Structures are given as C-alpha cells and as structure tokens.
$ cat upload-v8.json   # JSON, C-alpha atoms
[["chain", "number", "residue", "atom", "x", "y", "z"],
["A", 1, "MET", "CA", 64.50, 191.20, 120.98],
["A", 2, "LYS", "CA", 64.39, 187.76, 119.38],
["A", 3, "ASN", "CA", 62.56, 187.04, 116.13],
["A", 4, "SER", "CA", 61.07, 183.71, 115.08],
["A", 5, "PHE", "CA", 64.21, 182.70, 113.17],
["A", 6, "ASP", "CA", 66.37, 183.00, 116.30],
["A", 7, "THR", "CA", 64.72, 179.93, 117.81],
["A", 8, "LEU", "CA", 65.18, 177.93, 114.59],
["A", 9, "ALA", "CA", 68.83, 178.81, 114.02],
["A", 10, "SER", "CA", 70.59, 175.98, 115.88],
["A", 11, "SER", "CA", 68.65, 173.27, 114.00],
["A", 12, "TRP", "CA", 68.26, 175.09, 110.67],
["A", 13, "ASP", "CA", 70.81, 172.99, 108.77],
["A", 14, "ASN", "CA", 69.23, 169.72, 109.95],
["A", 15, "ASP", "CA", 66.48, 169.88, 107.33],
["A", 16, "PRO", "CA", 67.50, 167.08, 104.89],
["A", 17, "GLY", "CA", 66.33, 169.04, 101.86],
["A", 18, "ARG", "CA", 68.15, 172.27, 102.65],
["A", 19, "ILE", "CA", 71.71, 171.41, 101.55],
["A", 20, "PRO", "CA", 70.68, 169.77, 98.23],
["A", 21, "GLN", "CA", 68.56, 172.83, 97.44],
["A", 22, "ILE", "CA", 71.51, 175.14, 98.11],
["A", 23, "ASP", "CA", 73.70, 172.97, 95.88],
["A", 24, "LYS", "CA", 71.20, 173.22, 93.00],
["A", 25, "VAL", "CA", 70.98, 177.00, 93.37],
["A", 26, "ALA", "CA", 74.76, 177.36, 93.53],
["A", 27, "GLU", "CA", 75.18, 175.22, 90.41],
["A", 28, "ILE", "CA", 72.90, 177.55, 88.45],
["A", 29, "ILE", "CA", 74.67, 180.65, 89.77],
["A", 30, "GLU", "CA", 78.12, 179.27, 88.96],
["A", 31, "ARG", "CA", 76.92, 178.29, 85.50],
["A", 32, "GLU", "CA", 75.47, 181.69, 84.66],
["A", 33, "LEU", "CA", 77.68, 184.16, 86.54],
["A", 34, "LYS", "CA", 81.41, 184.79, 86.31],
["A", 35, "PHE", "CA", 83.29, 185.29, 89.57],
["A", 36, "SER", "CA", 86.62, 186.85, 90.42],
["A", 37, "THR", "CA", 88.78, 185.98, 93.40],
["A", 38, "ASP", "CA", 88.70, 189.72, 94.15],
["A", 39, "ASP", "CA", 84.89, 189.77, 94.42],
["A", 40, "SER", "CA", 83.25, 191.08, 97.56],
["A", 41, "ILE", "CA", 79.88, 189.33, 97.91],
["A", 42, "LEU", "CA", 76.89, 189.86, 100.18],
["A", 43, "ASP", "CA", 74.64, 187.02, 101.32],
["A", 44, "TYR", "CA", 71.57, 188.98, 102.41],
["A", 45, "GLY", "CA", 69.07, 187.29, 104.69],
["A", 46, "CYS", "CA", 71.79, 184.70, 104.98],
["A", 47, "GLY", "CA", 70.31, 182.46, 107.65],
["A", 48, "THR", "CA", 73.12, 180.16, 108.71],
["A", 49, "GLY", "CA", 75.17, 181.19, 105.68],
["A", 50, "LEU", "CA", 74.69, 178.08, 103.57],
["A", 51, "LEU", "CA", 74.63, 179.87, 100.21],
["A", 52, "GLY", "CA", 77.30, 182.43, 101.04],
["A", 53, "PHE", "CA", 79.78, 179.83, 102.29],
["A", 54, "ARG", "CA", 79.05, 177.65, 99.24],
["A", 55, "LEU", "CA", 79.90, 180.59, 96.94],
["A", 56, "LEU", "CA", 82.80, 181.99, 98.95],
["A", 57, "LYS", "CA", 85.24, 179.62, 97.26],
["A", 58, "ASN", "CA", 84.70, 181.67, 94.08],
["A", 59, "ALA", "CA", 85.19, 185.09, 95.71],
["A", 60, "GLY", "CA", 87.61, 187.05, 97.86],
["A", 61, "HIS", "CA", 85.36, 188.12, 100.73],
["A", 62, "ALA", "CA", 81.81, 187.46, 101.90],
["A", 63, "THR", "CA", 79.57, 189.57, 104.13],
["A", 64, "PHE", "CA", 76.75, 187.68, 105.82],
["A", 65, "CYS", "CA", 73.77, 189.85, 106.72],
["A", 66, "ASP", "CA", 70.62, 188.93, 108.62],
["A", 67, "VAL", "CA", 68.19, 190.53, 111.06],
["A", 68, "SER", "CA", 68.31, 187.36, 113.19],
["A", 69, "LYS", "CA", 71.12, 187.38, 115.71],
["A", 70, "GLY", "CA", 70.57, 183.67, 116.29],
["A", 71, "MET", "CA", 71.29, 182.93, 112.64],
["A", 72, "LEU", "CA", 74.37, 185.13, 112.68],
["A", 73, "GLU", "CA", 75.68, 183.23, 115.72],
["A", 74, "GLN", "CA", 75.64, 180.10, 113.55],
["A", 75, "VAL", "CA", 77.47, 181.97, 110.79],
["A", 76, "THR", "CA", 80.13, 183.03, 113.30],
["A", 77, "LEU", "CA", 80.71, 179.41, 114.31],
["A", 78, "LYS", "CA", 81.11, 178.35, 110.67],
["A", 79, "SER", "CA", 83.34, 181.31, 109.79],
["A", 80, "GLU", "CA", 86.19, 180.13, 112.01],
["A", 81, "GLU", "CA", 87.48, 177.80, 109.29],
["A", 82, "TYR", "CA", 87.63, 180.65, 106.73],
["A", 83, "GLY", "CA", 89.44, 183.27, 108.82],
["A", 84, "LYS", "CA", 88.44, 186.83, 109.65],
["A", 85, "ALA", "CA", 89.93, 188.23, 106.46],
["A", 86, "LYS", "CA", 87.42, 186.30, 104.33],
["A", 87, "VAL", "CA", 84.21, 186.84, 106.33],
["A", 88, "SER", "CA", 82.28, 189.79, 107.77],
["A", 89, "ILE", "CA", 79.02, 189.65, 109.71],
["A", 90, "LEU", "CA", 76.35, 192.36, 109.58],
["A", 91, "ASN", "CA", 73.14, 192.61, 111.62],
["A", 92, "ALA", "CA", 71.07, 195.00, 109.49],
["A", 93, "ASP", "CA", 67.83, 195.47, 107.56],
["A", 94, "PHE", "CA", 68.51, 196.88, 104.09],
["A", 95, "SER", "CA", 64.80, 197.45, 103.50],
["A", 96, "GLU", "CA", 64.95, 200.20, 106.13],
["A", 97, "LYS", "CA", 68.35, 201.70, 105.34],
["A", 98, "ALA", "CA", 71.40, 200.74, 103.32],
["A", 99, "PRO", "CA", 74.39, 200.63, 105.70],
["A", 100, "GLU", "CA", 77.15, 203.16, 105.11],
["A", 101, "GLY", "CA", 80.73, 202.27, 104.29],
["A", 102, "VAL", "CA", 80.13, 199.00, 102.44],
["A", 103, "SER", "CA", 79.85, 198.07, 98.76],
["A", 104, "PHE", "CA", 79.74, 194.79, 96.91],
["A", 105, "ASP", "CA", 80.44, 193.23, 93.53],
["A", 106, "LYS", "CA", 77.62, 190.73, 93.90],
["A", 107, "ILE", "CA", 74.58, 190.46, 96.17],
["A", 108, "PHE", "CA", 72.74, 187.18, 96.73],
["A", 109, "THR", "CA", 69.40, 186.83, 98.48],
["A", 110, "MET", "CA", 67.59, 183.51, 98.75],
["A", 111, "LYS", "CA", 63.96, 183.06, 99.78],
["A", 112, "VAL", "CA", 64.02, 186.43, 101.52],
["A", 113, "LEU", "CA", 62.06, 188.81, 99.30],
["A", 114, "HIS", "CA", 58.64, 187.26, 99.89],
["A", 115, "HIS", "CA", 59.15, 188.03, 103.60],
["A", 116, "VAL", "CA", 59.86, 191.71, 102.88],
["A", 117, "LYS", "CA", 56.99, 194.19, 102.88],
["A", 118, "ASP", "CA", 58.73, 196.93, 100.87],
["A", 119, "VAL", "CA", 60.51, 195.01, 98.12],
["A", 120, "PRO", "CA", 60.95, 198.07, 95.83],
["A", 121, "GLN", "CA", 62.86, 199.94, 98.54],
["A", 122, "LEU", "CA", 65.01, 196.93, 99.32],
["A", 123, "LEU", "CA", 65.95, 196.52, 95.65],
["A", 124, "LYS", "CA", 66.82, 200.22, 95.40],
["A", 125, "ASN", "CA", 69.06, 199.92, 98.45],
["A", 126, "PHE", "CA", 70.73, 196.86, 96.94],
["A", 127, "ASN", "CA", 71.44, 198.96, 93.86],
["A", 128, "LYS", "CA", 73.03, 201.67, 96.01],
["A", 129, "LYS", "CA", 75.36, 199.15, 97.63],
["A", 130, "LEU", "CA", 76.49, 197.47, 94.41],
["A", 131, "LYS", "CA", 79.59, 198.67, 92.64],
["A", 132, "PRO", "CA", 79.17, 199.82, 89.02],
["A", 133, "GLY", "CA", 78.50, 196.77, 86.86],
["A", 134, "GLY", "CA", 77.66, 194.70, 89.94],
["A", 135, "TRP", "CA", 75.17, 191.84, 90.00],
["A", 136, "LEU", "CA", 72.08, 191.07, 92.05],
["A", 137, "CYS", "CA", 71.05, 187.42, 92.26],
["A", 138, "SER", "CA", 67.57, 186.85, 93.66],
["A", 139, "ILE", "CA", 66.29, 183.36, 94.43],
["A", 140, "ASP", "CA", 62.66, 183.21, 95.47],
["A", 141, "LEU", "CA", 59.27, 181.60, 95.04],
["A", 142, "GLU", "CA", 57.28, 181.89, 91.89],
["A", 143, "LYS", "CA", 53.67, 182.94, 92.42],
["A", 144, "GLU", "CA", 51.80, 180.37, 94.51],
["A", 145, "ASP", "CA", 48.47, 180.02, 96.31],
["A", 146, "GLY", "CA", 49.78, 180.88, 99.75],
["A", 147, "SER", "CA", 50.13, 177.31, 100.97],
["A", 148, "TYR", "CA", 53.94, 177.31, 100.92],
["A", 149, "HIS", "CA", 53.99, 178.99, 104.32],
["A", 150, "HIS", "CA", 50.68, 177.42, 105.28],
["A", 151, "HIS", "CA", 49.44, 179.33, 108.36],
["A", 152, "GLU", "CA", 52.37, 181.76, 108.53],
["A", 153, "GLY", "CA", 51.59, 185.27, 107.35],
["A", 154, "VAL", "CA", 54.04, 186.66, 104.79],
["A", 155, "PRO", "CA", 53.68, 189.82, 102.67],
["A", 156, "HIS", "CA", 54.00, 188.08, 99.27],
["A", 157, "LYS", "CA", 52.88, 184.74, 97.86],
["A", 158, "GLY", "CA", 55.83, 184.58, 95.53],
["A", 159, "PHE", "CA", 56.33, 186.66, 92.38],
["A", 160, "GLU", "CA", 55.42, 186.41, 88.72],
["A", 161, "ARG", "CA", 58.36, 186.85, 86.37],
["A", 162, "THR", "CA", 57.13, 190.01, 84.65],
["A", 163, "GLU", "CA", 56.13, 191.54, 87.99],
["A", 164, "PHE", "CA", 59.55, 190.87, 89.48],
["A", 165, "GLU", "CA", 61.52, 192.04, 86.47],
["A", 166, "ASP", "CA", 59.53, 195.29, 86.45],
["A", 167, "LEU", "CA", 60.58, 195.78, 90.09],
["A", 168, "LEU", "CA", 64.21, 195.23, 89.10],
["A", 169, "ILE", "CA", 64.03, 197.70, 86.22],
["A", 170, "ASN", "CA", 62.39, 200.33, 88.43],
["A", 171, "ALA", "CA", 65.24, 199.88, 90.94],
["A", 172, "GLY", "CA", 67.90, 200.54, 88.30],
["A", 173, "PHE", "CA", 68.75, 196.99, 87.21],
["A", 174, "THR", "CA", 68.86, 195.27, 83.84],
["A", 175, "PRO", "CA", 67.45, 191.72, 84.04],
["A", 176, "ALA", "CA", 69.86, 189.28, 82.40],
["A", 177, "HIS", "CA", 68.81, 185.73, 83.38],
["A", 178, "TYR", "CA", 65.74, 183.94, 84.73],
["A", 179, "SER", "CA", 65.24, 180.23, 85.30],
["A", 180, "ASN", "CA", 62.77, 178.20, 87.35],
["A", 181, "GLU", "CA", 64.12, 174.67, 87.21],
["A", 182, "ILE", "CA", 64.17, 174.06, 90.99],
["A", 183, "VAL", "CA", 61.09, 172.42, 92.50],
["A", 184, "ILE", "CA", 60.31, 172.22, 96.22],
["A", 185, "GLU", "CA", 57.83, 169.65, 97.49],
["A", 186, "LYS", "CA", 55.81, 170.17, 100.67],
["A", 187, "GLU", "CA", 53.00, 168.12, 102.14],
["A", 188, "ARG", "CA", 49.85, 170.13, 102.74],
["A", 189, "GLU", "CA", 46.78, 168.44, 104.26],
["A", 190, "GLY", "CA", 47.88, 165.03, 103.06],
["A", 191, "VAL", "CA", 48.70, 166.20, 99.55],
["A", 192, "VAL", "CA", 52.21, 166.76, 98.17],
["A", 193, "LYS", "CA", 52.32, 170.18, 96.52],
["A", 194, "LYS", "CA", 55.06, 171.47, 94.26],
["A", 195, "PHE", "CA", 56.47, 175.00, 94.39],
["A", 196, "ARG", "CA", 58.98, 176.47, 91.97],
["A", 197, "LEU", "CA", 62.01, 178.57, 92.88],
["A", 198, "PHE", "CA", 63.29, 181.08, 90.37],
["A", 199, "VAL", "CA", 66.87, 182.28, 90.00],
["A", 200, "SER", "CA", 67.11, 185.83, 88.68],
["A", 201, "LEU", "CA", 70.28, 187.68, 87.70],
["A", 202, "ALA", "CA", 70.23, 191.42, 87.12],
["A", 203, "LYS", "CA", 73.05, 193.86, 86.43],
["A", 204, "LYS", "CA", 73.47, 197.35, 87.83]]
$ encode --input "upload-v8.json" --output "structure tokens"
Amino acid sequence: MKNSFDTLASSWDNDPGRIPQIDKVAEIIERELKFSTDDSILDYGCGTGLLGFRLLKNAGHATFCDVSKGMLEQVTLKSEEYGKAKVSILNADFSEKAPEGVSFDKIFTMKVLHHVKDVPQLLKNFNKKLKPGGWLCSIDLEKEDGSYHHHEGVPHKGFERTEFEDLLINAGFTPAHYSNEIVIEKEREGVVKKFRLFVSLAKK
C-alpha cells in the first residue's frame, strides 16, 4: 500500500530550498557533535536520504529508515556510490515497534516527529536502539499556528522547547543542546510566513 510520500519521492530533491536547508542542519550537527569513523548512524524518516548521506562522510555506516517504499527506492539509487558495506535500508515504523538486531551510536530524525502520533513511544524506542552513551538528534518545527502544513492534517503543530525536552527526559535522555537558528519561509494566502526549525541533541 502506497502512502502520500511515495508519489512525491522521485521529485523530492527538486525543491530548491531542500538542499540548502540540509546543509544548514548538517553544519550545526557537525559543529556540536563529535563523530567517529566507527559510528553506526540511523537516519529515521529519511526521505530520500539527504541528511544521512550528508553525514555519512563522518561515520562508518548509515541505516536509512522510512515507512515510504518510494522514498527508500530513491535511497537505494543514491547508495550505489557508497557501496553495500556503508549503507543499509530499513522499511519500518519505530513508533510501533523497535526492530530487533540493530543498534546505533547516533540517531537523526528531521521533520518527522510532528507527523508521529505517539512521540513518547517513538522516543522510548529510539532510546532502546541506541548504544550506551549514544546520541539522538531531533530536527523539527518549533510551535506554530498550523499553517506550515496548511490543509494537511498532522498530529502536532510543532513543539515548544520545554515540552520537547520533557519528552526526552521521560524517554531516558539527557538534553544537551538546543538551537533554533534555521528559518523556513512559506507563502500562505499571499503572505510570507516564517517558521523556525530547532536542532536538539540528547544523550542516552
């Protein structure tokens, strides 16, 4: 069964603002987080893998996970230049169940959490899949009025900092960094509105 992201997958990277946004996020992550070439990283809700492939140069192996098979097909096409030893692909929903037999040094999830109904359970499952001392990096919308997705229904209209950090603590994490320097502009009914993305780092 296809989901709405399957139909968007082949043209996903064509959005002119998408790559610069990924670059800004990656710059913050690389500034604030130390990597090892032995790191196993997870790009959760990876889409076409833009963030995971951008960060893979710092790590040893990347797993790309999404519920959209169409998005994962795009990841597969991109992965050919990295080789099978560097890339794994996983079609799974961690908010339902954490897959067995995998663990990670770092988990990254970008603009995914506001689409997830049960965020507390997802965060707890992330914690289960991180190695001791591992890091969770969450990039998502700060609280907004609901106009970011316009007419699309999503479970959450972004998150307030204290609300989100409480969720992290309850899931077994220690918040370590929070910044909101990235601004996204979208036109809504003839008016350009600004939305902020936060980058949160939390340690297991």
$ closest_residue --input "upload-v8.json" --among "A:Asn125, A:Asn180, A:Gln21, A:Thr162" --to "A:Lys204" --atoms "all atoms listed in the file"
A:Asn125
$ closest_residue --input "upload-v8.json" --among "A:Asn170, A:Val112, A:Val154, A:Ile139" --to "A:Lys24" --atoms "only C-alpha atoms"
A:Ile139
$ residues_around --input "upload-v8.json" --residues "A:Gly49" --least-positions-apart "4" --cutoff "7 Å" --atoms "only C-alpha atoms" --output "short mmCIF file (atom, residue, chain, number, x, y, z; two decimals) with C-alpha atoms, keeping the file's coordinate frame"
data_model
loop_
_atom_site.label_atom_id
_atom_site.label_comp_id
_atom_site.auth_asym_id
_atom_site.auth_seq_id
_atom_site.Cartn_x
_atom_site.Cartn_y
_atom_site.Cartn_z
CA PHE A 53 79.78 179.83 102.29
CA PHE A 64 76.75 187.68 105.82
CA VAL A 75 77.47 181.97 110.79
#
$ atom_distance --input "upload-v8.json" --atom1 "atom CA of A:Arg188" --atom2 "atom CA of A:Ser147"
7.4 Å
$ closest_residue --input "upload-v8.json" --among "A:Lys78, A:Lys194, A:Lys124, A:Lys111" --to "A:Ala98" --atoms "only C-alpha atoms"
A:Lys124
$ closest_residue --input "upload-v8.json" --among "A:Ala176, A:Ala62, A:Ile182, A:Val192" --to "A:Glu32" --atoms "all atoms listed in the file"
A:Ala176
$ residues_around --input "upload-v8.json" --residues "A:Asp140" --least-positions-apart "5" --cutoff "6 Å" --atoms "all atoms listed in the file" --output "ChimeraX atom specification"
/A:110-111,197-198
$ write_last_selection --input "upload-v8.json" --atoms "C-alpha atoms" --output "CSV table (one decimal), keeping the file's coordinate frame"
chain,number,residue,atom,x,y,z
A,110,MET,CA,67.6,183.5,98.8
A,111,LYS,CA,64.0,183.1,99.8
A,197,LEU,CA,62.0,178.6,92.9
A,198,PHE,CA,63.3,181.1,90.4
$ atom_distance --input "upload-v8.json" --atom1 "atom CA of A:Tyr178" --atom2 "atom CA of A:Arg161"
8.1 Å
$ atom_distance --input "upload-v8.json" --atom1 "atom CA of A:Leu33" --atom2 "atom CA of A:Gly60"
15.3 Å
$ closest_residue --input "upload-v8.json" --among "A:Gly70, A:Gly45, A:Gly190, A:Gly52" --to "A:Ile22" --atoms "all atoms listed in the file"
A:Gly52
$ residues_around --input "upload-v8.json" --residues "A:Phe108" --least-positions-apart "4" --cutoff "8 Å" --atoms "only C-alpha atoms" --output "ChimeraX atom specification"
/A:41-44,52,136-139
$ closest_residue --input "upload-v8.json" --among "A:Leu122, A:Cys65, A:Ile184, A:Ala202" --to "A:Ser95" --atoms "all atoms listed in the file"
A:Leu122
$ closest_atom_pairs --input "upload-v8.json" --of "stretch 79-198 of chain A" --to "stretch 54-58 of chain A" --cutoff "12 Å" --atoms "all atoms listed in the file" --output "Markdown table"
| residue | atom | partner | partner_atom | distance |
| --- | --- | --- | --- | --- |
| A:Ser79 | CA | A:Leu56 | CA | 10.9 |
| A:Tyr82 | CA | A:Leu56 | CA | 9.3 |
| A:Gly83 | CA | A:Leu56 | CA | 12.0 |
| A:Lys86 | CA | A:Leu56 | CA | 8.3 |
| A:Val87 | CA | A:Leu56 | CA | 8.9 |
| A:Ser88 | CA | A:Leu56 | CA | 11.8 |
| A:Lys106 | CA | A:Leu55 | CA | 10.8 |
| A:Ile107 | CA | A:Leu55 | CA | 11.2 |
| A:Phe108 | CA | A:Leu55 | CA | 9.7 |
$ residues_around --input "upload-v8.json" --residues "A:Lys157" --least-positions-apart "5" --cutoff "6 Å" --atoms "all atoms listed in the file" --output "list in words"
Lys143, Glu144 and Gly146 of chain A
